[in-house]
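Below is upload25.txt, which holds compact mmCIF, C-alpha atoms.
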# COMPACT_ATOMS: atom_id res chain seq x y z
CA MET A 10 -28.16 1.57 -36.48
CA GLN A 11 -26.69 4.87 -35.26
CA LEU A 12 -29.64 5.31 -32.89
CA GLU A 13 -29.11 1.83 -31.47
CA THR A 14 -25.39 2.49 -30.98
CA GLY A 15 -26.14 5.80 -29.30
CA LEU A 16 -28.66 4.22 -26.95
CA LYS A 17 -26.17 1.52 -25.98
CA HIS A 18 -23.51 4.16 -25.31
CA CYS A 19 -25.87 6.16 -23.10
CA THR A 20 -26.95 3.00 -21.31
CA ALA A 21 -23.30 2.10 -20.72
CA LEU A 22 -22.66 5.48 -19.10
CA ILE A 23 -25.72 5.08 -16.89
CA VAL A 24 -24.68 1.55 -15.93
CA ILE A 25 -21.16 2.66 -15.04
CA LYS A 26 -22.49 5.59 -13.00
CA HIS A 27 -24.91 3.40 -11.08
CA SER A 28 -22.29 0.69 -10.56
CA SER A 29 -20.05 3.33 -8.98
CA LEU A 30 -22.88 4.43 -6.70
CA LEU A 31 -23.51 0.83 -5.72
CA THR A 32 -19.82 0.41 -4.93
CA LEU A 33 -19.91 3.43 -2.63
CA TYR A 34 -23.06 2.10 -0.98
CA ILE A 35 -21.49 -1.31 -0.37
CA LYS A 36 -18.34 0.29 1.06
CA ARG A 37 -20.47 2.36 3.44
CA GLU A 38 -22.39 -0.72 4.50
CA THR A 39 -19.14 -2.59 5.07
CA LEU A 40 -17.92 0.09 7.49
CA ASN A 41 -21.04 -0.38 9.58
CA HIS A 42 -21.01 -4.17 9.38
CA TYR A 43 -19.48 -4.88 12.77
CA GLN A 44 -21.79 -2.44 14.53
CA CYS A 45 -24.97 -4.05 13.24
CA SER A 46 -27.56 -6.22 14.89
CA LYS A 47 -28.14 -9.76 13.57
CA LEU A 48 -31.09 -8.51 11.57
CA GLN A 49 -29.02 -5.72 10.06
CA LYS A 50 -26.19 -8.14 9.29
CA ALA A 51 -28.61 -10.34 7.43
CA LYS A 52 -29.65 -7.29 5.43
CA PHE A 53 -25.99 -6.49 4.83
CA GLY A 54 -25.36 -9.99 3.49
CA LYS A 55 -28.34 -9.65 1.20
CA ASN A 56 -27.02 -6.33 -0.12
CA MET A 57 -23.59 -7.84 -0.73
CA SER A 58 -25.18 -10.73 -2.60
CA LEU A 59 -27.21 -8.25 -4.62
CA GLY A 60 -24.05 -6.31 -5.44
CA LYS A 61 -22.25 -9.46 -6.56
CA THR A 62 -25.16 -10.43 -8.80
CA PHE A 63 -25.35 -6.92 -10.24
CA TYR A 64 -21.65 -6.79 -11.14
CA GLN A 65 -21.81 -10.28 -12.62
CA PHE A 66 -24.67 -9.02 -14.80
CA LEU A 67 -22.64 -5.99 -15.90
CA TRP A 68 -19.61 -8.13 -16.73
CA ARG A 69 -21.67 -10.39 -18.98
CA LEU A 70 -23.22 -7.56 -21.01
CA PRO A 71 -21.97 -8.35 -24.54
CA TRP A 72 -22.35 -4.80 -25.86
CA LEU A 73 -20.50 -3.11 -22.99
CA ASN A 74 -16.96 -2.62 -24.27
CA ILE A 75 -14.18 -4.20 -22.22
CA SER A 76 -12.56 -0.76 -21.89
CA HIS A 77 -15.55 0.25 -19.71
CA LYS A 78 -15.32 -2.83 -17.51
CA LYS A 79 -12.19 -1.98 -15.52
CA SER A 80 -13.98 -1.01 -12.29
CA ILE A 81 -16.49 -3.83 -12.76
CA TYR A 82 -13.71 -6.43 -12.99
CA LYS A 83 -11.86 -4.99 -9.98
CA THR A 84 -15.04 -5.03 -7.91
CA LEU A 85 -15.76 -8.64 -8.87
CA CYS A 86 -12.25 -9.51 -7.69
CA THR A 87 -13.08 -8.09 -4.26
CA TYR A 88 -15.94 -10.61 -4.16
CA GLY A 89 -13.46 -13.38 -4.98
CA ILE A 90 -14.74 -13.72 -8.55
CA VAL A 91 -11.79 -13.67 -10.95
CA HIS A 92 -12.81 -14.13 -14.56
CA ASP A 93 -10.45 -15.56 -17.13
CA TYR A 94 -10.00 -12.97 -19.89
CA PRO A 95 -7.03 -13.48 -22.24
CA PHE A 96 -5.95 -10.57 -24.42
CA GLU A 97 -3.30 -9.51 -26.89
CA LYS A 98 -2.02 -5.95 -26.79
CA GLU A 99 0.71 -3.79 -28.28
CA PHE A 100 3.35 -3.11 -25.64
CA PHE A 101 5.80 -0.38 -26.67
CA GLY A 102 6.34 -1.87 -30.10
CA LEU A 103 6.14 -5.47 -28.88
CA LYS A 104 3.29 -7.96 -28.90
CA TYR A 105 2.05 -8.89 -25.43
CA GLN A 106 -0.34 -11.74 -24.65
CA GLY A 107 -1.78 -11.65 -21.16
CA ASN A 108 -4.82 -12.22 -18.99
CA LEU A 109 -6.83 -9.87 -16.79
CA ASN A 110 -6.72 -12.46 -14.01
CA ASN A 111 -3.10 -11.40 -13.40
CA SER A 112 -2.88 -8.02 -11.67
CA ILE A 113 0.32 -7.00 -13.47
CA GLU A 114 -1.18 -7.85 -16.85
CA PHE A 115 -4.39 -6.10 -15.80
CA SER A 116 -2.31 -2.91 -15.57
CA ILE A 117 -0.73 -3.60 -18.94
CA PHE A 118 -4.17 -3.91 -20.52
CA TYR A 119 -5.82 -0.88 -18.92
CA LEU A 120 -2.86 1.45 -18.26
CA GLY A 121 -0.41 0.38 -20.94
CA ALA A 122 2.13 -0.88 -18.40
CA PHE A 123 2.73 -1.82 -14.79
CA GLU A 124 4.87 0.67 -12.82
CA LYS A 125 5.03 3.01 -15.81
CA PRO A 126 6.98 5.74 -13.95
CA LEU A 127 9.71 3.22 -13.10
CA LEU A 128 9.83 1.98 -16.69
CA PHE A 129 10.21 5.50 -18.04
CA PHE A 130 12.88 6.30 -15.45
CA LEU A 131 14.87 3.22 -16.52
CA ARG A 132 14.52 4.22 -20.17
CA ASP A 133 15.56 7.83 -19.54
CA THR A 134 18.53 6.71 -17.43
CA MET A 135 19.80 4.35 -20.11
CA GLU A 136 19.48 7.05 -22.75
CA HIS A 137 21.33 9.56 -20.56
CA ILE A 138 24.13 7.03 -20.05
CA GLN A 139 24.28 6.40 -23.78
CA ARG A 140 24.52 10.11 -24.59
CA ALA A 141 27.17 10.69 -21.91
CA GLN A 142 29.32 7.87 -23.25
CA SER A 143 28.62 8.37 -26.94
CA GLY A 144 31.74 8.08 -29.02
CA THR A 145 33.65 6.29 -26.27
CA THR A 146 34.41 2.63 -25.67
CA GLU A 147 32.76 2.77 -22.24
CA TYR A 148 29.11 2.39 -23.28
CA SER A 149 27.80 -1.15 -23.05
CA GLY A 150 24.09 -0.54 -22.57
CA CYS A 151 23.59 -3.44 -20.15
CA PHE A 152 20.50 -3.73 -17.97
CA CYS A 153 20.27 -6.32 -15.20
CA ASP A 154 16.77 -7.28 -14.01
CA ILE A 155 16.93 -9.19 -10.71
CA GLY A 156 13.50 -10.50 -9.82
CA ALA A 157 12.20 -10.22 -13.38
CA ASN A 158 8.88 -11.95 -12.68
CA LEU A 159 6.73 -11.89 -15.85
CA GLY A 160 9.48 -9.89 -17.51
CA GLN A 161 7.68 -6.64 -18.24
CA HIS A 162 10.72 -4.53 -17.29
CA SER A 163 13.08 -6.75 -19.27
CA LEU A 164 10.85 -6.67 -22.34
CA PHE A 165 10.55 -2.90 -22.16
CA MET A 166 14.27 -2.35 -21.64
CA SER A 167 15.14 -4.68 -24.52
CA ARG A 168 14.05 -1.73 -26.68
CA PHE A 169 16.69 0.57 -25.17
CA ALA A 170 19.53 -1.59 -23.83
CA ASN A 171 22.04 -3.51 -25.90
CA GLN A 172 21.86 -6.44 -23.50
CA VAL A 173 19.37 -7.47 -20.80
CA TYR A 174 20.15 -10.06 -18.11
CA ALA A 175 16.93 -11.27 -16.46
CA PHE A 176 17.00 -13.33 -13.25
CA GLU A 177 13.87 -15.22 -12.22
CA PRO A 178 13.85 -18.61 -10.43
CA PHE A 179 10.05 -19.11 -10.30
CA SER A 180 9.22 -20.98 -13.50
CA LYS A 181 5.51 -20.11 -13.49
CA VAL A 182 6.36 -16.48 -14.28
CA SER A 183 9.72 -16.91 -16.02
CA GLN A 184 8.03 -19.07 -18.66
CA ARG A 185 5.78 -16.11 -19.45
CA LEU A 186 8.88 -14.01 -20.11
CA LEU A 187 10.36 -16.75 -22.27
CA HIS A 188 7.09 -16.92 -24.21
CA HIS A 189 7.25 -13.22 -25.06
CA ILE A 190 10.95 -13.40 -25.93
CA ASN A 191 10.12 -16.06 -28.51
CA LEU A 192 6.89 -14.40 -29.63
CA ASN A 193 8.71 -11.16 -30.44
CA ASN A 194 11.91 -12.79 -31.69
CA ILE A 195 14.00 -10.87 -29.12
CA HIS A 196 17.71 -11.65 -29.16
CA ASN A 197 19.14 -9.35 -26.49
CA ILE A 198 17.50 -10.85 -23.37
CA ARG A 199 19.28 -13.66 -21.53
CA LEU A 200 17.06 -15.38 -18.99
CA HIS A 201 18.78 -16.89 -15.94
CA PRO A 202 16.43 -19.24 -14.01
CA VAL A 203 18.06 -18.61 -10.63
CA GLY A 204 17.67 -16.19 -7.76
CA LEU A 205 20.50 -14.11 -6.32
CA SER A 206 21.62 -14.07 -2.70
CA ASP A 207 24.72 -13.72 -0.50
CA ARG A 208 25.43 -17.46 -0.81
CA SER A 209 24.64 -20.34 -3.13
CA GLU A 210 21.96 -22.67 -1.78
CA ASN A 211 18.48 -24.05 -2.38
CA LEU A 212 15.76 -22.37 -0.34
CA THR A 213 12.02 -22.79 -0.01
CA PHE A 214 10.14 -20.41 -2.28
CA TYR A 215 6.81 -19.04 -1.11
CA ALA A 216 4.61 -18.66 -4.16
CA PRO A 217 1.65 -16.31 -4.51
CA ILE A 218 -1.75 -17.91 -4.99
CA GLY A 219 -3.84 -14.90 -6.01
CA ARG A 220 -3.90 -12.45 -8.90
CA ASN A 221 -0.72 -10.68 -7.83
CA GLN A 222 2.04 -12.95 -9.09
CA GLY A 223 4.63 -10.32 -8.21
CA ILE A 224 4.80 -11.10 -4.47
CA GLY A 225 6.54 -14.48 -4.58
CA SER A 226 9.47 -14.56 -2.17
CA PHE A 227 12.11 -16.60 -0.38
CA ASP A 228 11.02 -14.79 2.80
CA SER A 229 8.91 -17.06 5.02
CA SER A 230 7.08 -14.04 6.43
CA SER A 231 5.24 -13.85 3.09
CA LEU A 232 3.09 -16.68 4.45
CA LYS A 233 1.26 -13.93 6.33
CA ILE A 234 0.03 -12.44 3.06
CA GLY A 235 -1.22 -15.76 1.74
CA ASN A 236 1.82 -17.18 -0.07
CA LEU A 237 2.35 -20.93 0.09
CA ALA A 238 5.55 -22.97 0.23
CA SER A 239 6.10 -24.44 -3.23
CA GLY A 240 9.38 -26.32 -2.93
CA LYS A 241 13.00 -25.29 -3.04
CA LEU A 242 14.50 -23.15 -5.79
CA PRO A 243 18.15 -22.34 -6.57
CA LEU A 244 19.90 -19.25 -5.24
CA VAL A 245 23.41 -18.25 -6.27
CA LYS A 246 25.88 -15.73 -4.91
CA GLY A 247 25.91 -12.85 -7.35
CA ASP A 248 29.67 -12.27 -7.44
CA ASP A 249 30.43 -15.94 -8.18
CA TYR A 250 27.67 -16.35 -10.75
CA PHE A 251 28.45 -13.15 -12.65
CA GLN A 252 32.09 -14.18 -12.93
CA GLU A 253 31.18 -17.69 -14.06
CA MET A 254 28.68 -16.46 -16.67
CA GLU A 255 30.93 -13.56 -17.74
CA ILE A 256 28.29 -10.94 -16.98
CA ALA A 257 29.96 -7.54 -16.88
CA ASN A 258 29.76 -3.90 -17.94
CA LEU A 259 26.50 -3.28 -16.08
CA ASP A 260 24.96 0.17 -16.45
CA ILE A 261 21.68 -0.27 -14.54
CA VAL A 262 20.68 -2.93 -12.01
CA LYS A 263 17.02 -3.24 -11.02
CA ILE A 264 16.18 -5.37 -7.97
CA ASP A 265 12.66 -6.39 -6.94
CA VAL A 266 12.85 -9.44 -4.70
CA GLU A 267 10.19 -8.89 -2.03
CA GLY A 268 12.28 -8.41 1.11
CA PHE A 269 15.39 -10.27 -0.11
CA GLU A 270 17.15 -7.13 -1.40
CA LYS A 271 19.70 -7.03 1.43
CA LYS A 272 21.01 -10.51 0.63
CA VAL A 273 21.13 -9.70 -3.08
CA LEU A 274 23.21 -6.56 -2.55
CA PHE A 275 25.63 -8.20 -0.12
CA GLY A 276 26.10 -11.04 -2.60
CA MET A 277 27.15 -8.57 -5.32
CA GLN A 278 29.78 -6.57 -3.42
CA ASP A 279 32.62 -7.20 -5.88
CA VAL A 280 30.44 -6.59 -8.92
CA LEU A 281 29.10 -3.31 -7.54
CA LYS A 282 32.56 -2.03 -6.57
CA ILE A 283 33.98 -2.77 -10.02
CA GLU A 284 31.00 -1.83 -12.21
CA ARG A 285 29.48 0.97 -10.09
CA PRO A 286 26.09 0.76 -11.83
CA ILE A 287 23.03 2.84 -11.06
CA ILE A 288 20.89 0.60 -8.84
CA VAL A 289 17.11 0.75 -8.60
CA PHE A 290 15.53 -1.50 -6.01
CA GLU A 291 12.34 -1.96 -4.08
CA VAL A 292 12.86 -1.93 -0.32
CA SER A 293 10.42 -3.56 2.10
CA TYR A 294 10.38 -1.48 5.28
CA GLY A 295 10.02 -3.34 8.55
CA ASN A 296 11.07 -6.67 7.03
CA GLU A 297 13.52 -8.58 9.23
CA LEU A 298 15.53 -9.75 6.22
CA SER A 299 15.79 -6.28 4.71
CA PHE A 300 17.44 -3.06 5.81
CA GLY A 301 16.39 -1.28 8.99
CA SER A 302 17.85 2.16 8.30
CA VAL A 303 19.57 4.36 5.75
CA GLN A 304 22.86 3.60 7.51
CA GLN A 305 22.40 -0.16 7.06
CA LEU A 306 21.63 0.39 3.39
CA ASN A 307 24.75 2.49 2.88
CA GLU A 308 26.83 -0.29 4.40
CA ALA A 309 25.70 -2.60 1.59
CA LEU A 310 26.74 -0.13 -1.13
CA PRO A 311 30.17 0.88 -2.41
CA GLU A 312 31.58 4.22 -1.31
CA ASN A 313 30.18 7.50 -2.60
CA TYR A 314 26.71 6.38 -3.59
CA GLN A 315 23.85 8.88 -3.26
CA LEU A 316 20.31 7.74 -2.40
CA PHE A 317 17.10 8.97 -3.97
CA THR A 318 13.49 7.87 -4.06
CA PHE A 319 10.44 8.66 -6.14
CA ASN A 320 8.32 11.54 -4.89
CA THR A 321 5.17 9.51 -4.25
CA ARG A 322 4.33 10.53 -0.69
CA LYS A 323 2.77 13.48 1.10
CA PRO A 324 4.76 15.44 3.72
CA ASP A 325 3.21 13.27 6.46
CA GLY A 326 4.50 10.11 4.78
CA ARG A 327 1.21 8.85 3.40
CA LYS A 328 1.00 7.85 -0.25
CA ALA A 329 -0.17 10.69 -2.51
CA ARG A 330 -2.92 8.65 -4.14
CA LYS A 331 -4.15 11.22 -6.67
CA ARG A 332 -0.61 11.91 -7.83
CA GLY A 333 0.07 8.19 -7.94
CA ALA A 334 -3.06 7.47 -9.97
CA LYS A 335 -2.03 10.08 -12.53
CA ALA A 336 1.52 8.73 -12.67
CA LYS A 337 0.24 5.21 -13.37
CA LYS A 338 -1.40 6.54 -16.52
CA THR A 339 1.20 9.06 -17.69
CA GLY A 340 4.47 7.64 -16.38
CA THR A 341 5.50 10.96 -14.84
CA TYR A 342 8.06 10.80 -12.03
CA GLN A 343 10.26 13.01 -9.87
CA LEU A 344 13.25 11.99 -7.76
CA ILE A 345 13.97 13.42 -4.33
CA PRO A 346 16.81 12.65 -1.88
CA LEU A 347 16.13 9.74 0.46
CA ILE A 348 16.13 11.11 4.00
CA ASP A 349 13.58 9.32 6.15
CA TRP A 350 13.33 5.58 6.72
CA ARG A 351 9.82 4.28 7.19
CA ALA A 352 8.54 1.61 9.57
CA SER A 353 6.39 -0.22 7.02
CA GLY A 354 5.39 -0.31 3.38
CA GLN A 355 7.53 -0.35 0.25
CA ASP A 356 9.35 2.23 -1.86
CA ASN A 357 11.60 2.17 -4.89
CA ILE A 358 15.04 3.55 -4.06
CA ILE A 359 17.72 4.71 -6.47
CA ALA A 360 21.39 4.37 -5.52
CA CYS A 361 23.56 6.42 -7.85
CA PRO A 362 27.38 6.67 -7.90
CA GLU A 363 28.49 10.20 -7.17
CA GLU A 364 30.31 10.43 -10.51
CA LYS A 365 27.11 9.58 -12.42
CA GLN A 366 24.73 11.86 -10.56
CA ARG A 367 25.01 14.54 -13.25
CA ILE A 368 23.38 12.22 -15.80
CA LEU A 369 20.65 10.93 -13.48
CA PRO A 370 17.21 12.03 -14.79
CA MET A 371 15.56 13.77 -11.85
CA GLN A 372 12.15 14.04 -13.47
CA SER A 373 10.26 12.61 -16.41
CA THR A 374 10.43 14.03 -19.89
CA GLY A 375 6.84 13.19 -20.74
CA ARG A 376 7.91 11.19 -23.80
CA ILE A 377 6.07 7.90 -24.24
CA THR A 378 7.25 6.71 -27.65
CA VAL A 379 9.85 4.05 -28.33
CA PRO A 380 12.44 3.80 -31.11

Can you give me the file's structure in the form of C-alpha cells?
Amino acid sequence: MQLETGLKHCTALIVIKHSSLLTLYIKRETLNHYQCSKLQKAKFGKNMSLGKTFYQFLWRLPWLNISHKKSIYKTLCTYGIVHDYPFEKEFFGLKYQGNLNNSIEFSIFYLGAFEKPLLFFLRDTMEHIQRAQSGTTEYSGCFCDIGANLGQHSLFMSRFANQVYAFEPFSKVSQRLLHHINLNNIHNIRLHPVGLSDRSENLTFYAPIGRNQGIGSFDSSSLKIGNLASGKLPLVKGDDYFQEMEIANLDIVKIDVEGFEKKVLFGMQDVLKIERPIIVFEVSYGNELSFGSVQQLNEALPENYQLFTFNTRKPDGRKARKRGAKAKKTGTYQLIPLIDWRASGQDNIIACPEEKQRILPMQSTGRITVP
C-alpha cells in the first residue's frame, strides 16, 4: 500500500512537471502562430488540440489530489473549458461553500482568500482604530463595503468589526453573500441590495459572463471586456440613503465598483465630511467615468486627506509580479504615498484623514489568525 502511494506521488510530480513543460511549449508556439505558414498553422492547431486533450486527461485522474490541479485547471480555462467543482472550505473561522468555476472562489480555495493583502490591511486598520479609541465612546467598529460582490470582504470583516454594511445590487452575487450569512449565523452584516451613486436612479447593469464575477459594472465601457447588459438595477445617492437608513459612525469605507468610484464618492460628500472615515477604493485609470488625476481625486474628498497606495509596482510602473504572487499567498503589504497617476490599469488607493494617519498600518504584521 505504501509502495503504491509512493508511486502515485512520484507519478504526480512527473505529471505536473511535464504539464508545465507542455504549457511553456504551447506558449512558445502561440507566439509564433501569426508568423507561420498554413502547414505550420495546421501543426499548431494539432498541438493545441493535443494540449487540451492532455490537460483534460490530467484533470480526470482520480488519484491526483485537487491541491495539485491548480495549474491544470487554470490552463483548461484558457482553452475555454471550465469544469464545475463545488467545494467547502474553512475561511478565517467561517464556513465557505464555493466553486472553482468562479475566479474569486478559486483564489479562496487555493490561496485561502482573494486579495489577501487588502483583507489583512482592513483587519489591521480596524484593530488600530479600536486600540486608539479603547475606553472612549468614539469607537463604533463600523465597516462599509460598497461593491460587496460575493461578500468575501464583508464576511472577513464581520470577524473584526462590530457592524458591517454591505452594498451589492447584482442579485447573482449578493445571494451568495446572503447564503454565507445564513450558513454561518452571522448577525452583524446588513446587506443592502442597491448600488451607490451621486443620484438616485435606475441604470443598466453590465453583468460579467465569465469566471470573473467581480467585473460587473454600471459603466457601459465594460461591454469591451465581454460584459452584457442585464437590465436596470437601483442606484441611490449615498448621503440620502445613509440618512434614511440611519447608517452612521463609519470607521472604514471600502469601494470596489469597477469605474464608478467617482460617482460613489461625490454622492457621499456629507457623510465623508461628518464621519471622516478611512477610505479604501479601487481606481480604474483611464476610465472616462473615473478620476483623471490626483487633483480630481482630491476634489472628491474632504479637506486634509492623505493618499496612499499599496507598493505593488516596480520603479518603471510595471506590476511587480513576483512580489505580488508572494503577497497573494502571505497577505503581506506595504503602503507608500500616492504620487503618480497612471494612464491605464487599476490600483487600490487609501485615503486617510490627516488626524488618523498615526494609526494607519503602513505595513503588514504577518499575523494570519483570527479571534

**Asked** Between A:Lys104, A:His137, A:Lys328, A:Lys79, which has the minimum distance to Asn191 in chain A (counting only C-alpha atoms)?
**Response**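 Checking each of A:Lys104, A:His137, A:Lys328, A:Lys79 against Asn191 in chain A, counting only C-alpha atoms, the winner is A:Lys104.
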
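With CA of Lys331 in chain A on one side and CA of Phe123 in chain A on the other, the separation reads 16.8 Å.
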
Identify, on the basis of all atoms listed in the file, every residue whose closest approach to range 131-135 of chain A does not exceed 8 Å; exclude the query and any residue fewer than 2 positions from it along the same chain; express the result as a short mmCIF file (atom, residue, chain, number, x, y, z; two decimals) with C-alpha atoms, in the frame of the given file.
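Wrote it out as result.cif, contents follow:
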data_model
loop_
_atom_site.label_atom_id
_atom_site.label_comp_id
_atom_site.auth_asym_id
_atom_site.auth_seq_id
_atom_site.Cartn_x
_atom_site.Cartn_y
_atom_site.Cartn_z
CA LEU A 127 9.71 3.22 -13.10
CA LEU A 128 9.83 1.98 -16.69
CA PHE A 129 10.21 5.50 -18.04
CA HIS A 137 21.33 9.56 -20.56
CA ILE A 138 24.13 7.03 -20.05
CA GLN A 139 24.28 6.40 -23.78
CA GLY A 150 24.09 -0.54 -22.57
CA MET A 166 14.27 -2.35 -21.64
CA PHE A 169 16.69 0.57 -25.17
CA ALA A 170 19.53 -1.59 -23.83
CA ASP A 260 24.96 0.17 -16.45
CA ILE A 261 21.68 -0.27 -14.54
CA ILE A 368 23.38 12.22 -15.80
CA LEU A 369 20.65 10.93 -13.48
CA PRO A 370 17.21 12.03 -14.79
CA SER A 373 10.26 12.61 -16.41
#

**Asked** Which of these residues is nearest to Ser116 in chain A, using only C-alpha atoms: A:Phe130, A:Phe100, A:Cys151, A:Asp349?
**Response**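 Smallest separation from Ser116 in chain A among the options: A:Phe100.
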
**Prompt:** Neighbours of Gln278 in chain A within 10 Å (all atoms listed in the file; same-chain residues fewer than 2 positions away dropped), as a ChimeraX atom specification?
**Reply:** /A:207,247-248,273-276,280-283,309-311

Output the selection as an mmCIF file, keeping the file's coordinate frame - C-alpha atoms for each residue.
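The file below, selection_8.cif, is the result:
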data_model
loop_
_atom_site.group_PDB
_atom_site.id
_atom_site.type_symbol
_atom_site.label_atom_id
_atom_site.label_comp_id
_atom_site.auth_asym_id
_atom_site.auth_seq_id
_atom_site.Cartn_x
_atom_site.Cartn_y
_atom_site.Cartn_z
ATOM 1 C CA ASP A 207 24.720 -13.720 -0.500
ATOM 2 C CA GLY A 247 25.910 -12.850 -7.350
ATOM 3 C CA ASP A 248 29.670 -12.270 -7.440
ATOM 4 C CA VAL A 273 21.130 -9.700 -3.080
ATOM 5 C CA LEU A 274 23.210 -6.560 -2.550
ATOM 6 C CA PHE A 275 25.630 -8.200 -0.120
ATOM 7 C CA GLY A 276 26.100 -11.040 -2.600
ATOM 8 C CA VAL A 280 30.440 -6.590 -8.920
ATOM 9 C CA LEU A 281 29.100 -3.310 -7.540
ATOM 10 C CA LYS A 282 32.560 -2.030 -6.570
ATOM 11 C CA ILE A 283 33.980 -2.770 -10.020
ATOM 12 C CA ALA A 309 25.700 -2.600 1.590
ATOM 13 C CA LEU A 310 26.740 -0.130 -1.130
ATOM 14 C CA PRO A 311 30.170 0.880 -2.410
#

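Taking CA of Asn211 in chain A and CA of Lys271 in chain A as endpoints, the distance between them is 17.5 Å.
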
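Interatomic distance, CA of Tyr342 in chain A against CA of Ser163 in chain A: 19.6 Å.
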
**Message:** Calculated over all atoms listed in the file, which of the candidates A:Gln252, A:Ala334, A:Ser167, A:Thr318 has the smallest distance to Leu347 in chain A?
**Reply:** A:Thr318

**Request:** Excluding Gly107 in chain A and any residue of its chain fewer than 4 positions from it, enumerate the residues within 12 Å of it, using all atoms listed in the file, and give them as a ChimeraX atom specification.
**Result:** /A:93-100,111-119,122,159-161,182,185-186,188-189

Considering all atoms listed in the file, return as a PDB file with C-alpha atoms, keeping the file's coordinate frame whatever protein or nucleic-acid residues lie within 9 Å of range 227-231 of chain A, sequence-local ones (same chain, fewer than 3 positions apart) excluded.
ATOM      1  CA  LEU A 212      15.760 -22.370  -0.340  1.00  0.00           C
ATOM      2  CA  THR A 213      12.020 -22.790  -0.010  1.00  0.00           C
ATOM      3  CA  PHE A 214      10.140 -20.410  -2.280  1.00  0.00           C
ATOM      4  CA  TYR A 215       6.810 -19.040  -1.110  1.00  0.00           C
ATOM      5  CA  ALA A 216       4.610 -18.660  -4.160  1.00  0.00           C
ATOM      6  CA  PRO A 217       1.650 -16.310  -4.510  1.00  0.00           C
ATOM      7  CA  ILE A 224       4.800 -11.100  -4.470  1.00  0.00           C
ATOM      8  CA  ILE A 234       0.030 -12.440   3.060  1.00  0.00           C
ATOM      9  CA  GLY A 235      -1.220 -15.760   1.740  1.00  0.00           C
ATOM     10  CA  ASN A 236       1.820 -17.180  -0.070  1.00  0.00           C
ATOM     11  CA  LEU A 237       2.350 -20.930   0.090  1.00  0.00           C
ATOM     12  CA  ALA A 238       5.550 -22.970   0.230  1.00  0.00           C
ATOM     13  CA  LEU A 242      14.500 -23.150  -5.790  1.00  0.00           C
ATOM     14  CA  VAL A 266      12.850  -9.440  -4.700  1.00  0.00           C
ATOM     15  CA  GLU A 267      10.190  -8.890  -2.030  1.00  0.00           C
ATOM     16  CA  GLY A 268      12.280  -8.410   1.110  1.00  0.00           C
ATOM     17  CA  PHE A 269      15.390 -10.270  -0.110  1.00  0.00           C
ATOM     18  CA  ASN A 296      11.070  -6.670   7.030  1.00  0.00           C
ATOM     19  CA  GLU A 297      13.520  -8.580   9.230  1.00  0.00           C
ATOM     20  CA  LEU A 298      15.530  -9.750   6.220  1.00  0.00           C
TER      21      LEU A 298
END

**Message:** Calculated over only C-alpha atoms, which of the candidates A:Leu187, A:Val91, A:Val292, A:Ile218 has the smallest distance to Gly354 in chain A?
**Reply:**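 Selected residue with least distance to Gly354 in chain A: A:Val292.
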
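Residues in contact with Leu344 in chain A at 12 Å, where all atoms listed in the file are counted and same-chain residues fewer than 2 positions away are skipped, are listed as Pro126, Leu127, Phe130, Val289, Gln315, Leu316, Phe317, Thr318, Phe319, Asn320, Thr321, Arg322, Thr341, Tyr342, Pro346, Leu347, Asn357, Ile358, Ile359, Ala360, Cys361, Gln366, Leu369, Pro370, Met371, Gln372 and Ser373 of chain A.
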
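The smallest atom-to-atom distance between Asp249 in chain A and any of A:Ile264, A:Ile195, A:Met277, A:Ala157, using all atoms listed in the file, is found for A:Met277.
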